[in-house]
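Structure, as structure tokens:
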Amino acid sequence: MYNKVLESVNYIKRKVKYKPKVSVVLGSGLGDLVNQIENQEIVEYEEIPNFPKVTVKGHSGKLVFGTIEDVEIVVLSGRFHFYEGYDMKQVTYPIYVMKLLGIEKMIITNACGGINKNFKPGSLMIIDDFINLMGTNPLVGTNDERFGPRFPDMTEPYKLYLIEKAKQVGKDLNIKLEQGVYAGFQGPYYETRAEIRMIAGFGADTVGMSTVPETIVCNQLGIDTLGISCVTNMATGIQETKHSHDNVVKTAQETSVKFVGLISGIIAELG
Ligand code: HPA
């Protein structure tokens, strides 16, 4: 796999002049951040050798390079979900590419359901830990020590110094930020009421279908990770109405101005 990733990276390096150290993975409905990127250089996923193929129609993924607040970044616009049928190595392939491209800090974002009753749709939460309920993870299988250790430590999956920075930016911009634990389910169905009761008991504050595999790989690769969740709905049984993807995307888009402000502010601090 190492050589495949190198091949992907060499292609990108030939095409793009930027050498960013910061990257952002964008969650559903949170794509507006891309509009903040100046002097863009775009690489479509489909042109990158060895990159997983996007199967969902109209979901063309791309890497968007450029600057925000004069800080060079690359945004992963479009992610691969486990529930789509990709294996865990495919889901996290872009993260390996980011590592060999020189990325040192990663901001992983998502849309999620709120379990903590103090949250509401539109709340933004700094993720301070995760619970992996996906039934597997991307590190299963043979390990290439060039990427990282066989048994990575997971004491601080989201770096405290990045959490503190995010909180400070939230204060400065007057954006209320929650903090808590993200539980990652496999999906694609929205959880049952009993499942939500169970993970509420486990200490989960939010629930979603992404982020955990990418976080695990970032930690193995030694990429400092920050996680930001956009609560688009309350989880099953907590909200009375049924879930719909349209509603998830709509709420994420309504939260977009706040979200984009926060992420841009954090990126400025990382420069
Ligand atoms: N559950 C899982 N994933 C989600 C949810 C949810 O309630 N909302 C947005 N993504």
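Chain labels follow the order of the structure tokens: the first chain is A, the next B, and so on; residue numbering restarts at 1 in every chain, and ligands are counted from 1 in their shown order.
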
Go through chain A and flag each residue having an atom no more than 10 Å from ligand 1; for those, report the closest pair of atoms plus their distance in Å to one decimal, using only C-alpha atoms and all ligand atoms, ordered by chain and rising number, as a Markdown table.
```
| residue | atom | partner | partner_atom_place_in_ligand_line | distance |
| --- | --- | --- | --- | --- |
| A:Gly27 | CA | ligand 1 | 10 (N) | 9.3 |
| A:Ser28 | CA | ligand 1 | 10 (N) | 8.2 |
| A:Asn110 | CA | ligand 1 | 10 (N) | 7.6 |
| A:Ala111 | CA | ligand 1 | 9 (C) | 4.8 |
| A:Cys112 | CA | ligand 1 | 9 (C) | 3.5 |
| A:Gly113 | CA | ligand 1 | 7 (O) | 3.4 |
| A:Gly114 | CA | ligand 1 | 7 (O) | 6.8 |
| A:Ile115 | CA | ligand 1 | 7 (O) | 8.5 |
| A:Pro121 | CA | ligand 1 | 8 (N) | 9.6 |
| A:Ala183 | CA | ligand 1 | 2 (C) | 8.9 |
| A:Gly184 | CA | ligand 1 | 2 (C) | 7.9 |
| A:Phe185 | CA | ligand 1 | 2 (C) | 7.0 |
| A:Gln186 | CA | ligand 1 | 2 (C) | 8.8 |
| A:Gly187 | CA | ligand 1 | 2 (C) | 6.9 |
| A:Pro188 | CA | ligand 1 | 2 (C) | 7.8 |
| A:Tyr189 | CA | ligand 1 | 2 (C) | 7.6 |
| A:Tyr190 | CA | ligand 1 | 1 (N) | 4.9 |
| A:Glu191 | CA | ligand 1 | 1 (N) | 6.0 |
| A:Thr192 | CA | ligand 1 | 1 (N) | 9.4 |
| A:Ile196 | CA | ligand 1 | 1 (N) | 9.1 |
| A:Thr206 | CA | ligand 1 | 6 (C) | 8.0 |
| A:Val207 | CA | ligand 1 | 2 (C) | 5.2 |
| A:Gly208 | CA | ligand 1 | 3 (N) | 3.4 |
| A:Met209 | CA | ligand 1 | 3 (N) | 5.0 |
| A:Ser210 | CA | ligand 1 | 3 (N) | 8.0 |
| A:Ser229 | CA | ligand 1 | 9 (C) | 9.5 |
| A:Cys230 | CA | ligand 1 | 9 (C) | 8.4 |
| A:Val231 | CA | ligand 1 | 8 (N) | 7.0 |
| A:Thr232 | CA | ligand 1 | 8 (N) | 5.7 |
| A:Asn233 | CA | ligand 1 | 8 (N) | 5.7 |
| A:Met234 | CA | ligand 1 | 7 (O) | 6.2 |
| A:Ala235 | CA | ligand 1 | 7 (O) | 4.4 |
| A:Thr236 | CA | ligand 1 | 7 (O) | 6.3 |
| A:Gly237 | CA | ligand 1 | 7 (O) | 9.9 |
| A:Ile238 | CA | ligand 1 | 7 (O) | 9.7 |
| A:Gln239 | CA | ligand 1 | 7 (O) | 9.5 |
| A:Lys242 | CA | ligand 1 | 7 (O) | 9.7 |
| A:His243 | CA | ligand 1 | 7 (O) | 7.1 |
| A:Ser244 | CA | ligand 1 | 8 (N) | 8.5 |
| A:His245 | CA | ligand 1 | 9 (C) | 7.5 |
| A:Asn247 | CA | ligand 1 | 8 (N) | 9.0 |
| A:Val248 | CA | ligand 1 | 9 (C) | 5.6 |
| A:Val249 | CA | ligand 1 | 9 (C) | 8.3 |
| A:Thr251 | CA | ligand 1 | 9 (C) | 9.6 |
| A:Ala252 | CA | ligand 1 | 9 (C) | 9.0 |
```

Give me the residues within 10 Å of A:Ile175 as a ChimeraX atom specification, counting only C-alpha atoms and dropping any in the same chain fewer than 3 places off.
/A:123-124,167-172,178,258-259,261-262

Selection to disk with C-alpha atoms, as a PDB file, in the first residue's frame:
```
ATOM      1  CA  SER A 123     -25.003  23.106  17.953  1.00  0.00           C
ATOM      2  CA  LEU A 124     -21.302  22.713  17.191  1.00  0.00           C
ATOM      3  CA  LYS A 167     -12.282  26.895  22.315  1.00  0.00           C
ATOM      4  CA  GLN A 168     -10.357  30.167  22.221  1.00  0.00           C
ATOM      5  CA  VAL A 169     -11.448  30.827  18.629  1.00  0.00           C
ATOM      6  CA  GLY A 170     -15.043  30.058  19.646  1.00  0.00           C
ATOM      7  CA  LYS A 171     -14.779  32.627  22.455  1.00  0.00           C
ATOM      8  CA  ASP A 172     -13.189  35.257  20.222  1.00  0.00           C
ATOM      9  CA  GLU A 178     -20.074  22.177  23.116  1.00  0.00           C
ATOM     10  CA  LYS A 258     -21.056  29.708  12.027  1.00  0.00           C
ATOM     11  CA  PHE A 259     -19.191  26.566  11.015  1.00  0.00           C
ATOM     12  CA  GLY A 261     -16.291  31.125  10.642  1.00  0.00           C
ATOM     13  CA  LEU A 262     -15.071  28.722  13.288  1.00  0.00           C
TER      14      LEU A 262
END
```

Do a neighbour search on A:Asn3 at 12 Å with only C-alpha atoms, toss out local chain neighbours closer than 6 positions, and write the hits as a list in words. Val9, Asn10, Pro49, Asn50, Tyr96, Val97, Leu100, Asp144, Arg146 and Phe147 of chain A

| said: At a cut-off of 9 Å, using only C-alpha atoms, what residues contact A:Val64? Leave out same-chain residues fewer than 5 positions from it and give the result as an MDAnalysis selection string. | reply: chainID A and resid 34 37 40:44 73:77

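Going from atom CA of A:Gly61 to atom CA of A:Gly78 covers 4.5 Å.
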
Could you give me the residues within stretch 90-222 of chain A that DSSP places in strand (DSSP E or B), as an mmCIF file with N, CA, C and O atoms, in the first residue's frame?
```cif
data_model
loop_
_atom_site.group_PDB
_atom_site.id
_atom_site.type_symbol
_atom_site.label_atom_id
_atom_site.label_comp_id
_atom_site.auth_asym_id
_atom_site.auth_seq_id
_atom_site.Cartn_x
_atom_site.Cartn_y
_atom_site.Cartn_z
ATOM 1 N N LYS A 105 -1.449 18.525 10.608
ATOM 2 C CA LYS A 105 -2.639 18.764 11.435
ATOM 3 C C LYS A 105 -3.891 18.561 10.599
ATOM 4 O O LYS A 105 -3.972 19.048 9.468
ATOM 5 N N MET A 106 -4.858 17.859 11.165
ATOM 6 C CA MET A 106 -6.067 17.518 10.424
ATOM 7 C C MET A 106 -7.302 17.947 11.232
ATOM 8 O O MET A 106 -7.394 17.644 12.420
ATOM 9 N N ILE A 107 -8.209 18.636 10.556
ATOM 10 C CA ILE A 107 -9.490 18.969 11.178
ATOM 11 C C ILE A 107 -10.543 18.086 10.521
ATOM 12 O O ILE A 107 -10.767 18.179 9.314
ATOM 13 N N ILE A 108 -11.158 17.200 11.314
ATOM 14 C CA ILE A 108 -12.154 16.284 10.772
ATOM 15 C C ILE A 108 -13.537 16.764 11.200
ATOM 16 O O ILE A 108 -13.776 16.992 12.385
ATOM 17 N N THR A 109 -14.412 16.953 10.230
ATOM 18 C CA THR A 109 -15.740 17.473 10.565
ATOM 19 C C THR A 109 -16.830 16.476 10.140
ATOM 20 O O THR A 109 -16.597 15.594 9.315
ATOM 21 N N ASN A 110 -17.986 16.626 10.718
ATOM 22 C CA ASN A 110 -19.108 15.752 10.363
ATOM 23 C C ASN A 110 -20.441 16.376 10.749
ATOM 24 O O ASN A 110 -20.492 17.315 11.544
ATOM 25 N N ALA A 111 -21.487 15.819 10.171
ATOM 26 C CA ALA A 111 -22.850 16.074 10.631
ATOM 27 C C ALA A 111 -23.216 14.892 11.529
ATOM 28 O O ALA A 111 -22.846 13.763 11.240
ATOM 29 N N CYS A 112 -23.924 15.154 12.615
ATOM 30 C CA CYS A 112 -24.196 14.052 13.548
ATOM 31 C C CYS A 112 -25.516 14.276 14.273
ATOM 32 O O CYS A 112 -26.116 15.341 14.186
ATOM 33 N N GLY A 113 -25.950 13.247 14.988
ATOM 34 C CA GLY A 113 -27.130 13.335 15.825
ATOM 35 C C GLY A 113 -26.727 13.679 17.252
ATOM 36 O O GLY A 113 -25.692 13.213 17.738
ATOM 37 N N GLY A 114 -27.522 14.478 17.924
ATOM 38 C CA GLY A 114 -27.225 14.876 19.300
ATOM 39 C C GLY A 114 -27.878 13.922 20.299
ATOM 40 O O GLY A 114 -29.058 13.592 20.172
ATOM 41 N N LEU A 124 -22.604 23.209 17.637
ATOM 42 C CA LEU A 124 -21.302 22.713 17.191
ATOM 43 C C LEU A 124 -20.584 22.109 18.391
ATOM 44 O O LEU A 124 -20.586 22.685 19.472
ATOM 45 N N MET A 125 -20.014 20.934 18.206
ATOM 46 C CA MET A 125 -19.336 20.247 19.305
ATOM 47 C C MET A 125 -17.889 19.925 18.948
ATOM 48 O O MET A 125 -17.614 19.358 17.897
ATOM 49 N N ILE A 126 -16.990 20.291 19.843
ATOM 50 C CA ILE A 126 -15.600 19.833 19.733
ATOM 51 C C ILE A 126 -15.588 18.381 20.220
ATOM 52 O O ILE A 126 -16.083 18.095 21.316
ATOM 53 N N ILE A 127 -15.056 17.490 19.405
ATOM 54 C CA ILE A 127 -15.007 16.081 19.815
ATOM 55 C C ILE A 127 -13.796 15.891 20.728
ATOM 56 O O ILE A 127 -12.687 16.265 20.356
ATOM 57 N N ASP A 128 -14.024 15.365 21.926
ATOM 58 C CA ASP A 128 -12.844 15.142 22.771
ATOM 59 C C ASP A 128 -12.490 13.663 22.936
ATOM 60 O O ASP A 128 -11.452 13.336 23.510
ATOM 61 N N ASP A 129 -13.342 12.787 22.409
ATOM 62 C CA ASP A 129 -13.014 11.361 22.415
ATOM 63 C C ASP A 129 -14.025 10.645 21.516
ATOM 64 O O ASP A 129 -15.041 11.238 21.146
ATOM 65 N N PHE A 130 -13.728 9.404 21.162
ATOM 66 C CA PHE A 130 -14.699 8.664 20.335
ATOM 67 C C PHE A 130 -14.963 7.281 20.898
ATOM 68 O O PHE A 130 -14.169 6.750 21.693
ATOM 69 N N ILE A 131 -16.091 6.710 20.492
ATOM 70 C CA ILE A 131 -16.388 5.301 20.760
ATOM 71 C C ILE A 131 -16.582 4.653 19.391
ATOM 72 O O ILE A 131 -17.408 5.116 18.591
ATOM 73 N N ASN A 132 -15.815 3.599 19.132
ATOM 74 C CA ASN A 132 -15.890 2.936 17.830
ATOM 75 C C ASN A 132 -16.889 1.778 17.889
ATOM 76 O O ASN A 132 -16.629 0.748 18.492
ATOM 77 N N LEU A 133 -18.030 1.976 17.245
ATOM 78 C CA LEU A 133 -19.057 0.926 17.209
ATOM 79 C C LEU A 133 -19.241 0.398 15.786
ATOM 80 O O LEU A 133 -20.288 -0.114 15.434
ATOM 81 N N LEU A 177 -19.583 26.722 21.757
ATOM 82 C CA LEU A 177 -19.078 25.391 21.403
ATOM 83 C C LEU A 177 -19.340 24.409 22.532
ATOM 84 O O LEU A 177 -19.041 24.678 23.687
ATOM 85 N N GLU A 178 -19.918 23.276 22.166
ATOM 86 C CA GLU A 178 -20.074 22.177 23.116
ATOM 87 C C GLU A 178 -18.824 21.306 23.031
ATOM 88 O O GLU A 178 -17.988 21.474 22.135
ATOM 89 N N GLN A 179 -18.712 20.375 23.933
ATOM 90 C CA GLN A 179 -17.575 19.449 23.896
ATOM 91 C C GLN A 179 -18.057 18.080 24.335
ATOM 92 O O GLN A 179 -18.863 17.983 25.270
ATOM 93 N N GLY A 180 -17.623 17.021 23.679
ATOM 94 C CA GLY A 180 -18.072 15.707 24.118
ATOM 95 C C GLY A 180 -17.573 14.558 23.265
ATOM 96 O O GLY A 180 -16.675 14.704 22.445
ATOM 97 N N VAL A 181 -18.207 13.420 23.495
ATOM 98 C CA VAL A 181 -17.780 12.148 22.915
ATOM 99 C C VAL A 181 -18.650 11.805 21.700
ATOM 100 O O VAL A 181 -19.885 11.892 21.765
ATOM 101 N N TYR A 182 -17.985 11.412 20.616
ATOM 102 C CA TYR A 182 -18.660 11.029 19.366
ATOM 103 C C TYR A 182 -18.650 9.508 19.243
ATOM 104 O O TYR A 182 -17.590 8.882 19.324
ATOM 105 N N ALA A 183 -19.824 8.928 19.068
ATOM 106 C CA ALA A 183 -19.908 7.489 18.833
ATOM 107 C C ALA A 183 -20.108 7.248 17.343
ATOM 108 O O ALA A 183 -21.009 7.813 16.730
ATOM 109 N N GLY A 184 -19.251 6.393 16.779
ATOM 110 C CA GLY A 184 -19.347 6.110 15.345
ATOM 111 C C GLY A 184 -20.031 4.774 15.097
ATOM 112 O O GLY A 184 -19.533 3.731 15.510
ATOM 113 N N PHE A 185 -21.185 4.828 14.461
ATOM 114 C CA PHE A 185 -21.899 3.620 14.024
ATOM 115 C C PHE A 185 -21.582 3.370 12.553
ATOM 116 O O PHE A 185 -21.189 4.278 11.831
ATOM 117 N N THR A 206 -22.748 12.506 20.989
ATOM 118 C CA THR A 206 -23.229 12.599 19.610
ATOM 119 C C THR A 206 -23.042 11.245 18.932
ATOM 120 O O THR A 206 -22.282 10.397 19.418
ATOM 121 N N VAL A 207 -23.730 11.079 17.806
ATOM 122 C CA VAL A 207 -23.613 9.822 17.068
ATOM 123 C C VAL A 207 -23.585 10.122 15.574
ATOM 124 O O VAL A 207 -24.279 11.018 15.098
ATOM 125 N N GLY A 208 -22.756 9.362 14.862
ATOM 126 C CA GLY A 208 -22.665 9.571 13.422
ATOM 127 C C GLY A 208 -22.075 8.356 12.731
ATOM 128 O O GLY A 208 -21.850 7.316 13.364
#
```

*Just the residues within 8 Å of A:Tyr18, please, counting only C-alpha atoms, with nothing from its chain fewer than 4 positions along; format it as a list in words.*
Phe65, Gly66 and Glu72 of chain A

Spatial neighbours of A:Glu104, 10 Å, only C-alpha atoms, chain gap at least 5 places, as a VMD selection string: chain A and resid 20 to 23 98 to 99 218 221 to 225

Among A:Asn219, A:Asn118, A:Gln253, A:Ser264, A:Gly31 is approached most closely, using only C-alpha atoms, by A:Gln253

- Message: If DSSP is run on the backbone, what residues of stretch 63-255 of chain A are alpha helix (DSSP H)? A reply as JSON, numbers by chain would be ideal.
- Response: {"A": [88, 89, 90, 91, 93, 94, 95, 96, 97, 98, 99, 100, 101, 160, 161, 162, 163, 164, 165, 166, 167, 168, 169, 170, 171, 172, 193, 194, 195, 196, 197, 198, 199, 200, 201, 202, 212, 213, 214, 215, 216, 217, 218, 219, 220, 221, 245, 246, 247, 248, 249, 250, 251, 252, 253, 254]}

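Look at A:Pro138: the protein and nucleic acid residues within 9 Å of it, using only C-alpha atoms and passing over chain neighbours fewer than 2 places away, are Asp87, Met88, Lys89, Gln90, Val91, Thr92, Thr136, Val140, Gly141, Pro213, Glu214, Ile216 and Val217 of chain A.
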
Quick one: write out the picked residues with all heavy atoms as a CSV table (one decimal), in the first residue's frame?
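Result written to result_26.csv:
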```csv
chain,number,residue,atom,x,y,z
A,87,ASP,N,-14.0,-0.7,1.9
A,87,ASP,CA,-13.4,-1.3,3.0
A,87,ASP,C,-12.7,-0.2,3.8
A,87,ASP,O,-12.5,0.9,3.4
A,87,ASP,CB,-12.5,-2.5,2.7
A,87,ASP,CG,-11.2,-2.1,1.9
A,87,ASP,OD1,-10.7,-1.0,2.2
A,87,ASP,OD2,-10.8,-2.9,1.0
A,88,MET,N,-12.2,-0.5,5.0
A,88,MET,CA,-11.7,0.5,5.9
A,88,MET,C,-10.4,1.2,5.4
A,88,MET,O,-10.2,2.3,5.6
A,88,MET,CB,-11.4,-0.1,7.3
A,88,MET,CG,-12.7,-0.2,8.2
A,88,MET,SD,-13.1,1.4,8.8
A,88,MET,CE,-14.6,1.0,9.7
A,89,LYS,N,-9.6,0.4,4.6
A,89,LYS,CA,-8.4,1.0,4.0
A,89,LYS,C,-8.8,2.0,2.9
A,89,LYS,O,-8.1,3.0,2.7
A,89,LYS,CB,-7.5,-0.1,3.4
A,89,LYS,CG,-6.8,-0.9,4.4
A,89,LYS,CD,-5.6,-0.1,5.1
A,89,LYS,CE,-4.8,-1.0,6.0
A,89,LYS,NZ,-4.4,-0.3,7.3
A,90,GLN,N,-9.9,1.7,2.2
A,90,GLN,CA,-10.4,2.7,1.2
A,90,GLN,C,-10.9,3.9,1.9
A,90,GLN,O,-10.7,5.1,1.4
A,90,GLN,CB,-11.4,2.0,0.3
A,90,GLN,CG,-10.8,1.0,-0.6
A,90,GLN,CD,-11.9,0.2,-1.4
A,90,GLN,OE1,-12.9,-0.2,-0.8
A,90,GLN,NE2,-11.8,0.1,-2.7
A,91,VAL,N,-11.7,3.7,2.9
A,91,VAL,CA,-12.3,4.8,3.6
A,91,VAL,C,-11.2,5.8,4.1
A,91,VAL,O,-11.4,7.0,4.0
A,91,VAL,CB,-13.1,4.3,4.9
A,91,VAL,CG1,-13.5,5.5,5.8
A,91,VAL,CG2,-14.3,3.5,4.4
A,92,THR,N,-10.1,5.3,4.5
A,92,THR,CA,-9.1,6.1,5.1
A,92,THR,C,-7.9,6.4,4.1
A,92,THR,O,-6.9,7.1,4.5
A,92,THR,CB,-8.5,5.5,6.4
A,92,THR,OG1,-8.1,4.1,6.1
A,92,THR,CG2,-9.5,5.4,7.5
A,136,THR,N,-15.3,-2.8,13.2
A,136,THR,CA,-13.9,-3.1,12.8
A,136,THR,C,-13.2,-1.7,12.7
A,136,THR,O,-13.8,-0.7,13.2
A,136,THR,CB,-13.9,-3.7,11.4
A,136,THR,OG1,-12.5,-4.0,11.0
A,136,THR,CG2,-14.6,-2.9,10.3
A,140,VAL,N,-6.8,-3.0,11.2
A,140,VAL,CA,-6.8,-4.5,11.2
A,140,VAL,C,-6.1,-5.0,9.9
A,140,VAL,O,-6.3,-4.4,8.8
A,140,VAL,CB,-8.3,-5.0,11.1
A,140,VAL,CG1,-8.3,-6.5,10.9
A,140,VAL,CG2,-9.0,-4.6,12.4
A,141,GLY,N,-5.2,-5.9,10.1
A,141,GLY,CA,-4.4,-6.5,9.0
A,141,GLY,C,-3.0,-6.3,9.2
A,141,GLY,O,-2.5,-5.8,10.3
A,213,PRO,N,-12.9,6.2,11.7
A,213,PRO,CA,-11.8,5.5,11.0
A,213,PRO,C,-10.7,6.5,10.6
A,213,PRO,O,-9.5,6.3,10.8
A,213,PRO,CB,-12.5,5.0,9.7
A,213,PRO,CG,-13.9,4.9,10.0
A,213,PRO,CD,-14.2,5.9,11.0
A,214,GLU,N,-11.1,7.7,10.2
A,214,GLU,CA,-10.1,8.7,9.8
A,214,GLU,C,-9.3,9.2,11.1
A,214,GLU,O,-8.1,9.4,11.0
A,214,GLU,CB,-10.8,10.0,9.2
A,214,GLU,CG,-11.4,9.7,7.8
A,214,GLU,CD,-12.9,9.9,7.8
A,214,GLU,OE1,-13.6,9.5,8.8
A,214,GLU,OE2,-13.5,10.4,6.8
A,216,ILE,N,-8.7,7.4,13.7
A,216,ILE,CA,-7.8,6.3,14.1
A,216,ILE,C,-6.5,6.3,13.3
A,216,ILE,O,-5.4,6.2,13.8
A,216,ILE,CB,-8.5,4.9,14.0
A,216,ILE,CG1,-9.6,4.8,15.1
A,216,ILE,CG2,-7.5,3.8,14.1
A,216,ILE,CD1,-10.5,3.6,14.9
A,217,VAL,N,-6.7,6.5,12.0
A,217,VAL,CA,-5.5,6.5,11.1
A,217,VAL,C,-4.6,7.7,11.3
A,217,VAL,O,-3.4,7.6,11.4
A,217,VAL,CB,-5.9,6.4,9.6
A,217,VAL,CG1,-4.8,6.6,8.7
A,217,VAL,CG2,-6.5,5.0,9.3
```

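When only C-alpha atoms are used to measure the gap to A:Arg79, the shortest distance among A:Ile95, A:Ile228, A:Val16, A:Ala204 belongs to A:Ile95.
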
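Among the candidate residues A:Thr211, A:Phe80, A:Thr155, A:Glu7, the one lying nearest to A:Thr55 is A:Phe80, with distances computed using only C-alpha atoms.
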